[in-house]
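Take a look at the structure set out below.
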Amino acid sequence: MKKTLILIICSMLYMAANAQTFNDYFEDKTLRIDYIFTGDANKQEVYLDELSSLPQWAGRKHHLAELPLAGNGEICMQDKATGKIIYRTSFSSLFQEWVSEEEAKRVKKGFENSFLVPYPKKEAIVTVSLKDVYHQVKASLTHEIKPNDILIHQRGINRITPHRYLLQSGNTADCIDVVIMAEGYTKKEMDLFYKDAQTACDALFNHEPFKKLKNKFNIIAVESLSEDSGVSIPGKSEWKSTAVSSHFNTFYSDRYLTTSRVKSIHNWLAGIPYEHIIILANTDTYGGGGIYNSYTLTTAHHPDFQPVVVHEFGHSFGGLADEYAYTEAPSPQYPYEIEPWEQNITTLVDFRSKWQDMIPKDTPIPTPTVTQKSDLHTQVGVYEGAGYTQKGIYRPTTECRMRTNEVPAFCPVCQRALERLVNFYTTK
């Protein structure tokens, strides 16, 4: 009894210390920082665009100085007076994908990026850094935040986009807040959007570990209206006026559906508590995209809508890598001599940091592919072919939701990675 009481008291003190740390340094508000990432394959730079204040903080109030995952970039906030790191988060970006494309060898471009951090009470120093495929910092920017700066744009106070909760498990402090936005839906099509948003919500929670962790999520559908119905398909010379200006043919790939108008996304969401973003495109053309800690964007009316939205959320929320492979050539995103930061693929450079503890004893590495059993997504091994290349990169199972639309579930390795991330965000 005495030991139990001591544990309860220690737990209460720990929780109080974490809350006090947040309250010591932050307001219950959000600072949105907009950057422009610019450059080409050889040189990249980061520029500050705009600062905005949002009326509520929906993110974590614990593990503040820890990274959820390594990511391809990082934001670090320090208290100016003491130099203490008071908040860190990680991300990936469309720009960092683009710099590995052939176009980046001959063209310079700029990409919008927006990030949410807690609003500091006192002056702070923020450093944003971009890493290359070797995990080395390639570009960075350090700038000051003055909380009382009159030019910090006040958003989300008077005009808030209409929205409704599809799932409300608790308050923003205890749950992960995910918004589902409309893209290419006109005012007359909002009933259709809400139906599609519910389908996406149901699909997500039909998959483990989200199913058993459903009480840790809030899902909010947002009526971001478009002038035109549908989305742009440049390959067919079809251009639409839509809420966030999404389009297919990203990087000249027919099915890659993304948007570079990231500020438009966040402007629609100002005043709504959110951490992660799913965007549904009103089209039956197959495609989508998911970028870690940026957004999921996917078609809503293709027959594979449900598995695809879950797959893309695996990217944007979970930082999971694609497990499929279509060429023997090395992937420019995954050099063989570097261990990927994504938790579901490996080059075997540092396999101990991945799922080595989950494979049965005496499992051969690489593991021979099994083709005849029905539970291919549960047989954990080290199967060659992942991260877009057939050689030198390995995945945990023969099949997985991160590999193909036909598989019914995430593999055990992906499930563990996702569950760890949910717990990071929600467990004090």
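Ordering of the structure tokens sets the chain letters (A, B, ...), residue numbers begin anew at 1 in every chain, and ligands are numbered from 1 in the order given.
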- Expected answer as a PyMOL selection string: helix (DSSP H, G or I) residues in segment 141-312 of chain A: chain A and resi 187-204+214-216+234-236+250-252+262-269+305-312
What would the file look like if the residues just selected were written as a CSV table (one decimal), in the first residue's frame with N, CA and C atoms?
chain,number,residue,atom,x,y,z
A,187,LYS,N,-20.1,24.4,-52.7
A,187,LYS,CA,-21.0,24.5,-51.6
A,187,LYS,C,-22.1,23.4,-51.8
A,188,LYS,N,-22.6,23.2,-53.0
A,188,LYS,CA,-23.6,22.2,-53.2
A,188,LYS,C,-23.2,20.8,-52.9
A,189,GLU,N,-21.9,20.6,-52.8
A,189,GLU,CA,-21.3,19.2,-52.7
A,189,GLU,C,-20.9,18.9,-51.2
A,190,MET,N,-21.2,19.8,-50.3
A,190,MET,CA,-20.7,19.6,-48.9
A,190,MET,C,-21.3,18.4,-48.3
A,191,ASP,N,-22.5,18.0,-48.6
A,191,ASP,CA,-23.1,16.8,-48.0
A,191,ASP,C,-22.3,15.6,-48.5
A,192,LEU,N,-21.9,15.6,-49.7
A,192,LEU,CA,-21.0,14.6,-50.3
A,192,LEU,C,-19.7,14.5,-49.5
A,193,PHE,N,-19.1,15.7,-49.3
A,193,PHE,CA,-17.9,15.8,-48.6
A,193,PHE,C,-18.0,15.2,-47.2
A,194,TYR,N,-19.0,15.5,-46.4
A,194,TYR,CA,-19.1,14.9,-45.1
A,194,TYR,C,-19.3,13.4,-45.1
A,195,LYS,N,-19.9,12.9,-46.2
A,195,LYS,CA,-20.0,11.5,-46.3
A,195,LYS,C,-18.7,10.9,-46.6
A,196,ASP,N,-17.9,11.5,-47.5
A,196,ASP,CA,-16.6,11.0,-47.8
A,196,ASP,C,-15.6,11.1,-46.6
A,197,ALA,N,-15.8,12.2,-45.8
A,197,ALA,CA,-14.9,12.4,-44.6
A,197,ALA,C,-15.2,11.3,-43.6
A,198,GLN,N,-16.5,10.9,-43.5
A,198,GLN,CA,-16.8,9.8,-42.5
A,198,GLN,C,-16.3,8.5,-43.0
A,199,THR,N,-16.3,8.3,-44.3
A,199,THR,CA,-15.7,7.1,-44.9
A,199,THR,C,-14.2,7.0,-44.6
A,200,ALA,N,-13.5,8.1,-44.7
A,200,ALA,CA,-12.1,8.2,-44.4
A,200,ALA,C,-11.8,7.9,-43.0
A,201,CYS,N,-12.7,8.5,-42.1
A,201,CYS,CA,-12.5,8.3,-40.7
A,201,CYS,C,-12.7,6.8,-40.3
A,202,ASP,N,-13.8,6.2,-40.8
A,202,ASP,CA,-14.1,4.8,-40.6
A,202,ASP,C,-12.9,3.9,-41.1
A,203,ALA,N,-12.4,4.2,-42.2
A,203,ALA,CA,-11.3,3.4,-42.8
A,203,ALA,C,-10.1,3.5,-41.9
A,204,LEU,N,-9.8,4.6,-41.4
A,204,LEU,CA,-8.6,4.8,-40.5
A,204,LEU,C,-8.7,3.9,-39.2
A,214,LYS,N,-8.5,4.5,-30.6
A,214,LYS,CA,-9.4,5.4,-31.1
A,214,LYS,C,-9.8,6.5,-30.1
A,215,ASN,N,-9.7,6.2,-28.8
A,215,ASN,CA,-10.1,7.1,-27.8
A,215,ASN,C,-9.0,8.2,-27.6
A,216,LYS,N,-7.9,8.1,-28.4
A,216,LYS,CA,-6.9,9.1,-28.3
A,216,LYS,C,-6.9,10.1,-29.5
A,234,PRO,N,-3.1,18.5,-64.8
A,234,PRO,CA,-2.4,19.1,-65.8
A,234,PRO,C,-2.1,18.3,-67.0
A,235,GLY,N,-1.9,16.9,-66.8
A,235,GLY,CA,-1.7,16.0,-67.9
A,235,GLY,C,-2.8,16.0,-68.9
A,236,LYS,N,-4.0,16.4,-68.5
A,236,LYS,CA,-5.2,16.4,-69.4
A,236,LYS,C,-5.6,17.9,-69.7
A,250,THR,N,2.4,15.9,-60.1
A,250,THR,CA,3.5,16.4,-59.3
A,250,THR,C,4.8,15.7,-59.7
A,251,PHE,N,5.8,16.5,-60.0
A,251,PHE,CA,7.1,16.0,-60.5
A,251,PHE,C,6.9,15.2,-61.8
A,252,TYR,N,5.8,15.5,-62.5
A,252,TYR,CA,5.5,14.9,-63.8
A,252,TYR,C,5.1,13.4,-63.6
A,262,VAL,N,0.7,25.6,-49.4
A,262,VAL,CA,0.6,25.1,-48.0
A,262,VAL,C,-0.1,26.2,-47.1
A,263,LYS,N,0.2,27.5,-47.4
A,263,LYS,CA,-0.4,28.5,-46.6
A,263,LYS,C,-1.9,28.6,-46.7
A,264,SER,N,-2.4,28.2,-47.9
A,264,SER,CA,-3.8,28.2,-48.1
A,264,SER,C,-4.5,27.1,-47.2
A,265,ILE,N,-3.8,26.0,-47.1
A,265,ILE,CA,-4.3,24.9,-46.2
A,265,ILE,C,-4.5,25.5,-44.8
A,266,HIS,N,-3.4,26.1,-44.2
A,266,HIS,CA,-3.4,26.5,-42.8
A,266,HIS,C,-4.3,27.8,-42.6
A,267,ASN,N,-4.5,28.6,-43.7
A,267,ASN,CA,-5.5,29.7,-43.5
A,267,ASN,C,-6.9,29.2,-43.4
A,268,TRP,N,-7.2,28.1,-44.1
A,268,TRP,CA,-8.6,27.6,-43.9
A,268,TRP,C,-8.8,27.0,-42.5
A,269,LEU,N,-7.7,26.6,-41.9
A,269,LEU,CA,-7.8,25.9,-40.6
A,269,LEU,C,-7.7,26.8,-39.4
A,305,PHE,N,-10.1,4.3,-52.6
A,305,PHE,CA,-10.0,5.4,-51.7
A,305,PHE,C,-9.6,5.0,-50.3
A,306,GLN,N,-10.3,4.0,-49.7
A,306,GLN,CA,-10.1,3.7,-48.3
A,306,GLN,C,-8.7,3.2,-48.0
A,307,PRO,N,-8.2,2.2,-48.7
A,307,PRO,CA,-6.8,1.8,-48.4
A,307,PRO,C,-5.8,2.8,-48.7
A,308,VAL,N,-6.0,3.7,-49.7
A,308,VAL,CA,-5.1,4.7,-50.1
A,308,VAL,C,-5.0,5.8,-49.0
A,309,VAL,N,-6.1,6.3,-48.5
A,309,VAL,CA,-6.1,7.3,-47.5
A,309,VAL,C,-5.4,6.8,-46.2
A,310,VAL,N,-5.6,5.5,-45.9
A,310,VAL,CA,-4.9,5.0,-44.7
A,310,VAL,C,-3.4,4.9,-45.0
A,311,HIS,N,-3.0,4.4,-46.2
A,311,HIS,CA,-1.6,4.4,-46.6
A,311,HIS,C,-0.9,5.8,-46.5
A,312,GLU,N,-1.6,6.8,-47.1
A,312,GLU,CA,-1.0,8.1,-47.1
A,312,GLU,C,-0.9,8.7,-45.7
- For Arg155 of chain A: contacts at 8 Å, only C-alpha atoms, fewer than 4 positions along chain excluded, given as a PyMOL selection string: chain A and resi 52-55+267+270-271
Just to be explicit: take each residue in the selection above, keep C-alpha atoms, and write the result as a CSV table (one decimal), in the first residue's frame.
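selection_1.csv was written with the following content:
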chain,number,residue,atom,x,y,z
A,52,SER,CA,0.7,34.1,-37.3
A,53,SER,CA,-1.0,33.7,-33.9
A,54,LEU,CA,-3.8,31.1,-33.5
A,55,PRO,CA,-6.1,31.2,-30.5
A,267,ASN,CA,-5.5,29.7,-43.5
A,270,ALA,CA,-7.1,29.0,-38.5
A,271,GLY,CA,-9.2,28.9,-35.3
- Have a look at atom CA of Asp362 of chain A and atom CA of Thr397 of chain A and let me know their distance in Å, one decimal. 16.0 Å
- Quick one: residues within 9 Å of Glu102 of chain A, only C-alpha atoms counted, chain neighbours fewer than 4 positions away excluded, as a list in words? Ala41, Trp98 and Arg106 of chain A
- Shell around Val413 of chain A at 7 Å using only C-alpha atoms, local window under 6 positions removed, as a list in words: Asn344, Trp355 and Pro396 of chain A
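Of note, atom CA of Leu421 of chain A and atom CA of Ser92 of chain A are spaced 15.9 Å apart.
Picture a line from atom CA of Leu31 of chain A to atom CA of Thr258 of chain A; it runs 24.6 Å.
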Please produce, as JSON lines, a per-residue contact table for segment 265-353 of chain A versus segment 378-393 of chain A (criterion: any atom at most 6 Å away, only C-alpha atoms considered), showing the nearest atom pair and its distance in Å to one decimal, sorted by chain then residue number.
{"residue": "A:Asp322", "atom": "CA", "partner": "A:Gly387", "partner_atom": "CA", "distance": 5.5}
{"residue": "A:Glu323", "atom": "CA", "partner": "A:Ala386", "partner_atom": "CA", "distance": 4.2}
{"residue": "A:Tyr324", "atom": "CA", "partner": "A:Ala386", "partner_atom": "CA", "distance": 4.9}
{"residue": "A:Ala325", "atom": "CA", "partner": "A:Tyr388", "partner_atom": "CA", "distance": 3.9}
{"residue": "A:Tyr326", "atom": "CA", "partner": "A:Tyr388", "partner_atom": "CA", "distance": 5.7}
{"residue": "A:Thr327", "atom": "CA", "partner": "A:Thr389", "partner_atom": "CA", "distance": 5.0}
{"residue": "A:Glu328", "atom": "CA", "partner": "A:Gln390", "partner_atom": "CA", "distance": 4.9}
{"residue": "A:Pro330", "atom": "CA", "partner": "A:Thr389", "partner_atom": "CA", "distance": 6.0}
{"residue": "A:Ser331", "atom": "CA", "partner": "A:Thr389", "partner_atom": "CA", "distance": 5.9}
{"residue": "A:Thr346", "atom": "CA", "partner": "A:Ile393", "partner_atom": "CA", "distance": 5.8}
{"residue": "A:Thr347", "atom": "CA", "partner": "A:Ile393", "partner_atom": "CA", "distance": 4.8}
Mind dumping the selected residues with all heavy atoms as a JSON list (two decimals), in the first residue's frame?
[["chain", "number", "residue", "atom", "x", "y", "z"],
["A", 322, "ASP", "N", 7.43, 4.11, -48.02],
["A", 322, "ASP", "CA", 6.84, 3.18, -48.98],
["A", 322, "ASP", "C", 7.67, 1.90, -48.98],
["A", 322, "ASP", "O", 8.90, 1.94, -48.99],
["A", 322, "ASP", "CB", 6.84, 3.78, -50.38],
["A", 322, "ASP", "CG", 5.74, 4.80, -50.57],
["A", 322, "ASP", "OD1", 4.60, 4.53, -50.15],
["A", 322, "ASP", "OD2", 6.01, 5.88, -51.15],
["A", 323, "GLU", "N", 6.99, 0.76, -49.00],
["A", 323, "GLU", "CA", 7.67, -0.53, -48.98],
["A", 323, "GLU", "C", 7.70, -1.19, -50.35],
["A", 323, "GLU", "O", 8.22, -2.30, -50.48],
["A", 323, "GLU", "CB", 7.02, -1.46, -47.95],
["A", 323, "GLU", "CG", 7.17, -0.96, -46.52],
["A", 323, "GLU", "CD", 6.54, -1.90, -45.50],
["A", 323, "GLU", "OE1", 6.22, -3.05, -45.87],
["A", 323, "GLU", "OE2", 6.37, -1.49, -44.34],
["A", 324, "TYR", "N", 7.15, -0.53, -51.36],
["A", 324, "TYR", "CA", 7.18, -1.14, -52.68],
["A", 324, "TYR", "C", 8.47, -0.77, -53.40],
["A", 324, "TYR", "O", 9.18, 0.17, -53.02],
["A", 324, "TYR", "CB", 5.95, -0.75, -53.50],
["A", 324, "TYR", "CG", 5.68, 0.73, -53.62],
["A", 324, "TYR", "CD1", 6.36, 1.53, -54.53],
["A", 324, "TYR", "CD2", 4.72, 1.34, -52.81],
["A", 324, "TYR", "CE1", 6.09, 2.88, -54.64],
["A", 324, "TYR", "CE2", 4.44, 2.69, -52.91],
["A", 324, "TYR", "CZ", 5.13, 3.45, -53.83],
["A", 324, "TYR", "OH", 4.88, 4.80, -53.93],
["A", 325, "ALA", "N", 8.76, -1.51, -54.45],
["A", 325, "ALA", "CA", 9.98, -1.29, -55.23],
["A", 325, "ALA", "C", 9.69, -1.54, -56.70],
["A", 325, "ALA", "O", 8.97, -2.48, -57.04],
["A", 325, "ALA", "CB", 11.09, -2.23, -54.75],
["A", 326, "TYR", "N", 10.23, -0.70, -57.56],
["A", 326, "TYR", "CA", 9.93, -0.87, -58.98],
["A", 326, "TYR", "C", 11.18, -0.77, -59.87],
["A", 326, "TYR", "O", 11.08, -0.79, -61.09],
["A", 326, "TYR", "CB", 8.90, 0.15, -59.44],
["A", 326, "TYR", "CG", 9.12, 1.57, -58.95],
["A", 326, "TYR", "CD1", 10.13, 2.38, -59.48],
["A", 326, "TYR", "CD2", 8.33, 2.10, -57.93],
["A", 326, "TYR", "CE1", 10.32, 3.66, -59.03],
["A", 326, "TYR", "CE2", 8.52, 3.38, -57.47],
["A", 326, "TYR", "CZ", 9.52, 4.17, -58.03],
["A", 326, "TYR", "OH", 9.71, 5.45, -57.57],
["A", 327, "THR", "N", 12.37, -0.69, -59.29],
["A", 327, "THR", "CA", 13.58, -0.62, -60.09],
["A", 327, "THR", "C", 14.74, -1.22, -59.32],
["A", 327, "THR", "O", 14.75, -1.22, -58.09],
["A", 327, "THR", "CB", 13.91, 0.83, -60.48],
["A", 327, "THR", "OG1", 15.15, 0.85, -61.21],
["A", 327, "THR", "CG2", 14.05, 1.71, -59.25],
["A", 328, "GLU", "N", 15.74, -1.75, -60.05],
["A", 328, "GLU", "CA", 16.94, -2.24, -59.40],
["A", 328, "GLU", "C", 17.94, -1.12, -59.13],
["A", 328, "GLU", "O", 18.89, -1.30, -58.36],
["A", 328, "GLU", "CB", 17.61, -3.33, -60.26],
["A", 328, "GLU", "CG", 16.83, -4.63, -60.33],
["A", 328, "GLU", "CD", 17.63, -5.75, -60.94],
["A", 328, "GLU", "OE1", 18.82, -5.53, -61.26],
["A", 328, "GLU", "OE2", 17.08, -6.86, -61.11],
["A", 330, "PRO", "N", 19.57, 2.16, -57.50],
["A", 330, "PRO", "CA", 19.49, 2.74, -56.15],
["A", 330, "PRO", "C", 18.55, 3.94, -56.11],
["A", 330, "PRO", "O", 18.50, 4.72, -57.07],
["A", 330, "PRO", "CB", 20.94, 3.16, -55.87],
["A", 330, "PRO", "CG", 21.78, 2.37, -56.80],
["A", 330, "PRO", "CD", 20.94, 2.17, -58.03],
["A", 331, "SER", "N", 17.81, 4.06, -55.03],
["A", 331, "SER", "CA", 16.92, 5.21, -54.87],
["A", 331, "SER", "C", 17.74, 6.43, -54.46],
["A", 331, "SER", "O", 18.57, 6.34, -53.54],
["A", 331, "SER", "CB", 15.86, 4.92, -53.80],
["A", 331, "SER", "OG", 15.19, 6.11, -53.44],
["A", 346, "THR", "N", 14.93, -0.67, -43.90],
["A", 346, "THR", "CA", 16.31, -0.69, -43.39],
["A", 346, "THR", "C", 17.28, -0.98, -44.52],
["A", 346, "THR", "O", 16.94, -1.69, -45.49],
["A", 346, "THR", "CB", 16.48, -1.74, -42.28],
["A", 346, "THR", "OG1", 17.84, -1.70, -41.80],
["A", 346, "THR", "CG2", 16.17, -3.14, -42.78],
["A", 347, "THR", "N", 18.48, -0.44, -44.41],
["A", 347, "THR", "CA", 19.60, -0.80, -45.29],
["A", 347, "THR", "C", 20.54, -1.77, -44.57],
["A", 347, "THR", "O", 21.60, -2.11, -45.10],
["A", 347, "THR", "CB", 20.38, 0.45, -45.71],
["A", 347, "THR", "OG1", 20.77, 1.17, -44.53],
["A", 347, "THR", "CG2", 19.55, 1.34, -46.61]]
Please identify all polymer residues within 6 Å of Tyr256 of chain A, counting only C-alpha atoms, omitting same-chain residues fewer than 4 positions from it, and present them as a short mmCIF file (atom, residue, chain, number, x, y, z; two decimals) with N, CA, C and O atoms, in the first residue's frame.
data_model
loop_
_atom_site.label_atom_id
_atom_site.label_comp_id
_atom_site.auth_asym_id
_atom_site.auth_seq_id
_atom_site.Cartn_x
_atom_site.Cartn_y
_atom_site.Cartn_z
N PHE A 248 -2.71 16.83 -59.85
CA PHE A 248 -1.96 15.63 -60.18
C PHE A 248 -0.69 16.03 -60.95
O PHE A 248 -0.42 17.21 -61.14
N ASN A 249 0.08 15.03 -61.36
CA ASN A 249 1.29 15.24 -62.16
C ASN A 249 2.40 15.96 -61.41
O ASN A 249 3.29 16.56 -62.02
N THR A 250 2.37 15.90 -60.07
CA THR A 250 3.49 16.44 -59.30
C THR A 250 4.78 15.75 -59.73
O THR A 250 4.83 14.52 -59.84
N GLY A 287 -4.86 8.51 -57.18
CA GLY A 287 -3.65 9.22 -56.80
C GLY A 287 -3.69 9.72 -55.37
O GLY A 287 -4.70 9.61 -54.67
N GLY A 288 -2.58 10.28 -54.96
CA GLY A 288 -2.48 10.82 -53.61
C GLY A 288 -1.05 11.13 -53.25
O GLY A 288 -0.13 11.01 -54.06
#
- Compare A:Pro368, A:Gly73, A:Gly110, A:Gly184 by their minimum atom-to-atom distance to Ser140 of chain A, counting only C-alpha atoms, and give me the closest one. A:Gly73
Write out as a compact mmCIF listing (two decimals) with N, CA, C and O atoms, in the first residue's frame the residues lying within 12 Å of Gln56 of chain A, counting only C-alpha atoms and excluding same-chain residues fewer than 6 positions away.
# COMPACT_ATOMS: atom_id res chain seq x y z
N PHE A 26 5.20 28.83 -22.26
CA PHE A 26 4.28 28.99 -23.38
C PHE A 26 2.90 29.47 -22.95
O PHE A 26 2.42 29.15 -21.86
N GLU A 27 2.27 30.23 -23.84
CA GLU A 27 0.85 30.54 -23.74
C GLU A 27 0.05 29.36 -24.30
O GLU A 27 0.58 28.54 -25.04
N ASP A 28 -1.22 29.30 -23.97
CA ASP A 28 -2.09 28.30 -24.58
C ASP A 28 -2.57 28.82 -25.94
O ASP A 28 -3.76 29.02 -26.18
N LYS A 29 -1.61 29.07 -26.82
CA LYS A 29 -1.86 29.57 -28.17
C LYS A 29 -0.87 28.90 -29.11
O LYS A 29 0.09 28.27 -28.67
N THR A 30 -1.10 29.07 -30.39
CA THR A 30 -0.21 28.50 -31.41
C THR A 30 0.49 29.62 -32.17
O THR A 30 -0.14 30.62 -32.53
N LEU A 31 1.77 29.43 -32.41
CA LEU A 31 2.53 30.28 -33.32
C LEU A 31 2.71 29.51 -34.62
O LEU A 31 3.31 28.43 -34.62
N ARG A 32 2.14 30.03 -35.69
CA ARG A 32 2.34 29.42 -37.00
C ARG A 32 3.48 30.15 -37.70
O ARG A 32 3.45 31.36 -37.84
N LEU A 116 3.51 24.52 -36.98
CA LEU A 116 2.84 24.96 -35.76
C LEU A 116 3.74 24.67 -34.57
O LEU A 116 4.21 23.54 -34.40
N VAL A 117 3.96 25.68 -33.74
CA VAL A 117 4.72 25.51 -32.50
C VAL A 117 3.96 26.23 -31.39
O VAL A 117 3.14 27.12 -31.66
N PRO A 118 4.19 25.86 -30.12
CA PRO A 118 3.52 26.58 -29.04
C PRO A 118 4.00 28.03 -28.97
O PRO A 118 5.15 28.34 -29.30
N TYR A 119 3.12 28.91 -28.53
CA TYR A 119 3.40 30.34 -28.54
C TYR A 119 4.23 30.71 -27.30
O TYR A 119 3.77 30.56 -26.17
N GLN A 154 -2.81 38.02 -36.52
CA GLN A 154 -3.80 37.39 -35.64
C GLN A 154 -4.85 36.69 -36.51
O GLN A 154 -5.61 37.34 -37.23
N ARG A 155 -4.89 35.37 -36.44
CA ARG A 155 -5.81 34.58 -37.27
C ARG A 155 -6.74 33.73 -36.41
O ARG A 155 -6.44 33.43 -35.26
N GLY A 156 -7.86 33.33 -37.02
CA GLY A 156 -8.75 32.38 -36.39
C GLY A 156 -9.56 32.94 -35.25
O GLY A 156 -9.99 32.19 -34.37
N ILE A 157 -9.81 34.24 -35.24
CA ILE A 157 -10.57 34.86 -34.16
C ILE A 157 -11.99 35.18 -34.60
O ILE A 157 -12.96 34.77 -33.96
N ASN A 171 -10.60 16.34 -24.89
CA ASN A 171 -10.14 17.70 -25.19
C ASN A 171 -8.83 17.66 -25.96
O ASN A 171 -8.19 16.62 -26.11
N THR A 172 -8.40 18.82 -26.44
CA THR A 172 -7.21 18.89 -27.28
C THR A 172 -5.94 18.54 -26.53
O THR A 172 -4.96 18.10 -27.14
N ALA A 173 -5.95 18.72 -25.21
CA ALA A 173 -4.75 18.42 -24.42
C ALA A 173 -4.50 16.92 -24.31
O ALA A 173 -3.36 16.48 -24.15
N LEU A 269 -7.73 26.58 -41.88
CA LEU A 269 -7.84 25.89 -40.59
C LEU A 269 -7.68 26.80 -39.38
O LEU A 269 -7.85 26.35 -38.24
N ALA A 270 -7.37 28.07 -39.62
CA ALA A 270 -7.13 28.99 -38.51
C ALA A 270 -8.35 29.07 -37.58
O ALA A 270 -9.47 29.27 -38.03
N GLY A 271 -8.11 28.88 -36.30
CA GLY A 271 -9.18 28.93 -35.32
C GLY A 271 -9.76 27.58 -34.96
O GLY A 271 -10.54 27.46 -34.01
N ILE A 272 -9.36 26.54 -35.69
CA ILE A 272 -9.79 25.17 -35.42
C ILE A 272 -8.61 24.44 -34.77
O ILE A 272 -7.49 24.54 -35.27
N PRO A 273 -8.81 23.72 -33.68
CA PRO A 273 -7.68 22.99 -33.09
C PRO A 273 -7.26 21.83 -33.98
O PRO A 273 -8.08 20.97 -34.31
N TYR A 274 -6.00 21.80 -34.40
CA TYR A 274 -5.55 20.73 -35.28
C TYR A 274 -4.05 20.51 -35.13
O TYR A 274 -3.30 21.41 -34.79
N GLU A 275 -3.65 19.27 -35.41
CA GLU A 275 -2.24 18.89 -35.43
C GLU A 275 -1.85 18.22 -36.74
O GLU A 275 -0.76 18.41 -37.25
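All residues of protein, DNA or RNA that reach within 9 Å of segment 120-127 of chain A, judged by only C-alpha atoms and not counting those fewer than 4 positions away in the chain, are Asn23, Asp24, Tyr25, Phe26, Glu27, Lys29, Thr30, Leu31, Glu74, Ile75, Cys76, Met77, Gln78, Asp79, Lys80, Ala81, Gly83, Ser140, Leu141, Thr142, His143, Glu144, Ile145, Lys146, Pro147 and Asn148 of chain A.
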Go ahead and write the residues just picked, N, CA and C atoms, as a compact mmCIF listing (two decimals), in the first residue's frame.
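The new file selection-v4.txt reads:
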# COMPACT_ATOMS: atom_id res chain seq x y z
N ASN A 23 3.75 25.64 -19.01
CA ASN A 23 3.19 26.91 -18.58
C ASN A 23 4.25 27.96 -18.28
N ASP A 24 5.44 27.52 -17.91
CA ASP A 24 6.52 28.46 -17.66
C ASP A 24 6.96 29.17 -18.94
N TYR A 25 6.88 28.47 -20.06
CA TYR A 25 7.45 29.01 -21.29
C TYR A 25 6.43 29.37 -22.36
N PHE A 26 5.20 28.83 -22.26
CA PHE A 26 4.28 28.99 -23.38
C PHE A 26 2.90 29.47 -22.95
N GLU A 27 2.27 30.23 -23.84
CA GLU A 27 0.85 30.54 -23.74
C GLU A 27 0.05 29.36 -24.30
N LYS A 29 -1.61 29.07 -26.82
CA LYS A 29 -1.86 29.57 -28.17
C LYS A 29 -0.87 28.90 -29.11
N THR A 30 -1.10 29.07 -30.39
CA THR A 30 -0.21 28.50 -31.41
C THR A 30 0.49 29.62 -32.17
N LEU A 31 1.77 29.43 -32.41
CA LEU A 31 2.53 30.28 -33.32
C LEU A 31 2.71 29.51 -34.62
N GLU A 74 14.07 19.71 -39.05
CA GLU A 74 13.81 19.89 -37.63
C GLU A 74 13.60 21.37 -37.31
N ILE A 75 12.71 21.61 -36.35
CA ILE A 75 12.54 22.95 -35.78
C ILE A 75 12.90 22.87 -34.30
N CYS A 76 13.75 23.77 -33.87
CA CYS A 76 14.18 23.82 -32.48
C CYS A 76 13.95 25.22 -31.94
N MET A 77 13.22 25.32 -30.83
CA MET A 77 12.97 26.61 -30.19
C MET A 77 13.71 26.67 -28.86
N GLN A 78 14.44 27.77 -28.64
CA GLN A 78 15.17 27.98 -27.40
C GLN A 78 14.67 29.25 -26.71
N ASP A 79 14.66 29.20 -25.40
CA ASP A 79 14.41 30.40 -24.62
C ASP A 79 15.61 31.33 -24.81
N LYS A 80 15.38 32.55 -25.24
CA LYS A 80 16.48 33.45 -25.57
C LYS A 80 17.33 33.78 -24.35
N ALA A 81 16.70 33.97 -23.21
CA ALA A 81 17.43 34.40 -22.01
C ALA A 81 18.37 33.32 -21.49
N GLY A 83 18.94 30.07 -23.21
CA GLY A 83 19.45 29.14 -24.22
C GLY A 83 18.86 27.75 -24.10
N SER A 140 19.89 25.94 -43.17
CA SER A 140 19.25 26.28 -41.90
C SER A 140 19.02 27.77 -41.81
N LEU A 141 18.13 28.15 -40.93
CA LEU A 141 17.84 29.55 -40.66
C LEU A 141 17.56 29.69 -39.17
N THR A 142 18.18 30.68 -38.54
CA THR A 142 17.92 30.99 -37.14
C THR A 142 17.35 32.40 -37.04
N HIS A 143 16.25 32.53 -36.32
CA HIS A 143 15.62 33.84 -36.21
C HIS A 143 14.97 33.99 -34.84
N GLU A 144 14.70 35.24 -34.47
CA GLU A 144 14.11 35.53 -33.16
C GLU A 144 12.59 35.62 -33.24
N ILE A 145 11.97 35.26 -32.14
CA ILE A 145 10.53 35.44 -31.98
C ILE A 145 10.31 36.42 -30.84
N LYS A 146 9.66 37.52 -31.14
CA LYS A 146 9.25 38.47 -30.11
C LYS A 146 7.74 38.36 -29.95
N PRO A 147 7.28 37.79 -28.85
CA PRO A 147 5.85 37.48 -28.71
C PRO A 147 4.93 38.67 -28.89
N ASN A 148 5.40 39.87 -28.58
CA ASN A 148 4.56 41.07 -28.67
C ASN A 148 4.73 41.82 -29.99
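Among the candidates A:Gly289, A:Gly318, A:Gly59, A:Pro68, the one nearest to Pro209 of chain A when counting only C-alpha atoms is A:Gly318.
Here the residues within segment 143-234 of chain A that DSSP labels strand (DSSP E) on the basis of the backbone are A:His143, A:Glu144, A:Ile145, A:His153, A:Gln154, A:His163, A:Arg164, A:Tyr165, A:Leu166, A:Leu167, A:Gln168, A:Ile176, A:Asp177, A:Val178, A:Val179, A:Ile180, A:Met181, A:Ala182, A:Glu183, A:Phe217, A:Asn218, A:Ile219, A:Ile220, A:Ala221, A:Val222.
Comparing the minimum interatomic distances between Ile180 of chain A and each of A:Ala281, A:Leu51, A:Ile233, A:Ile150, counting only C-alpha atoms, we find that A:Ala281 sits nearest.
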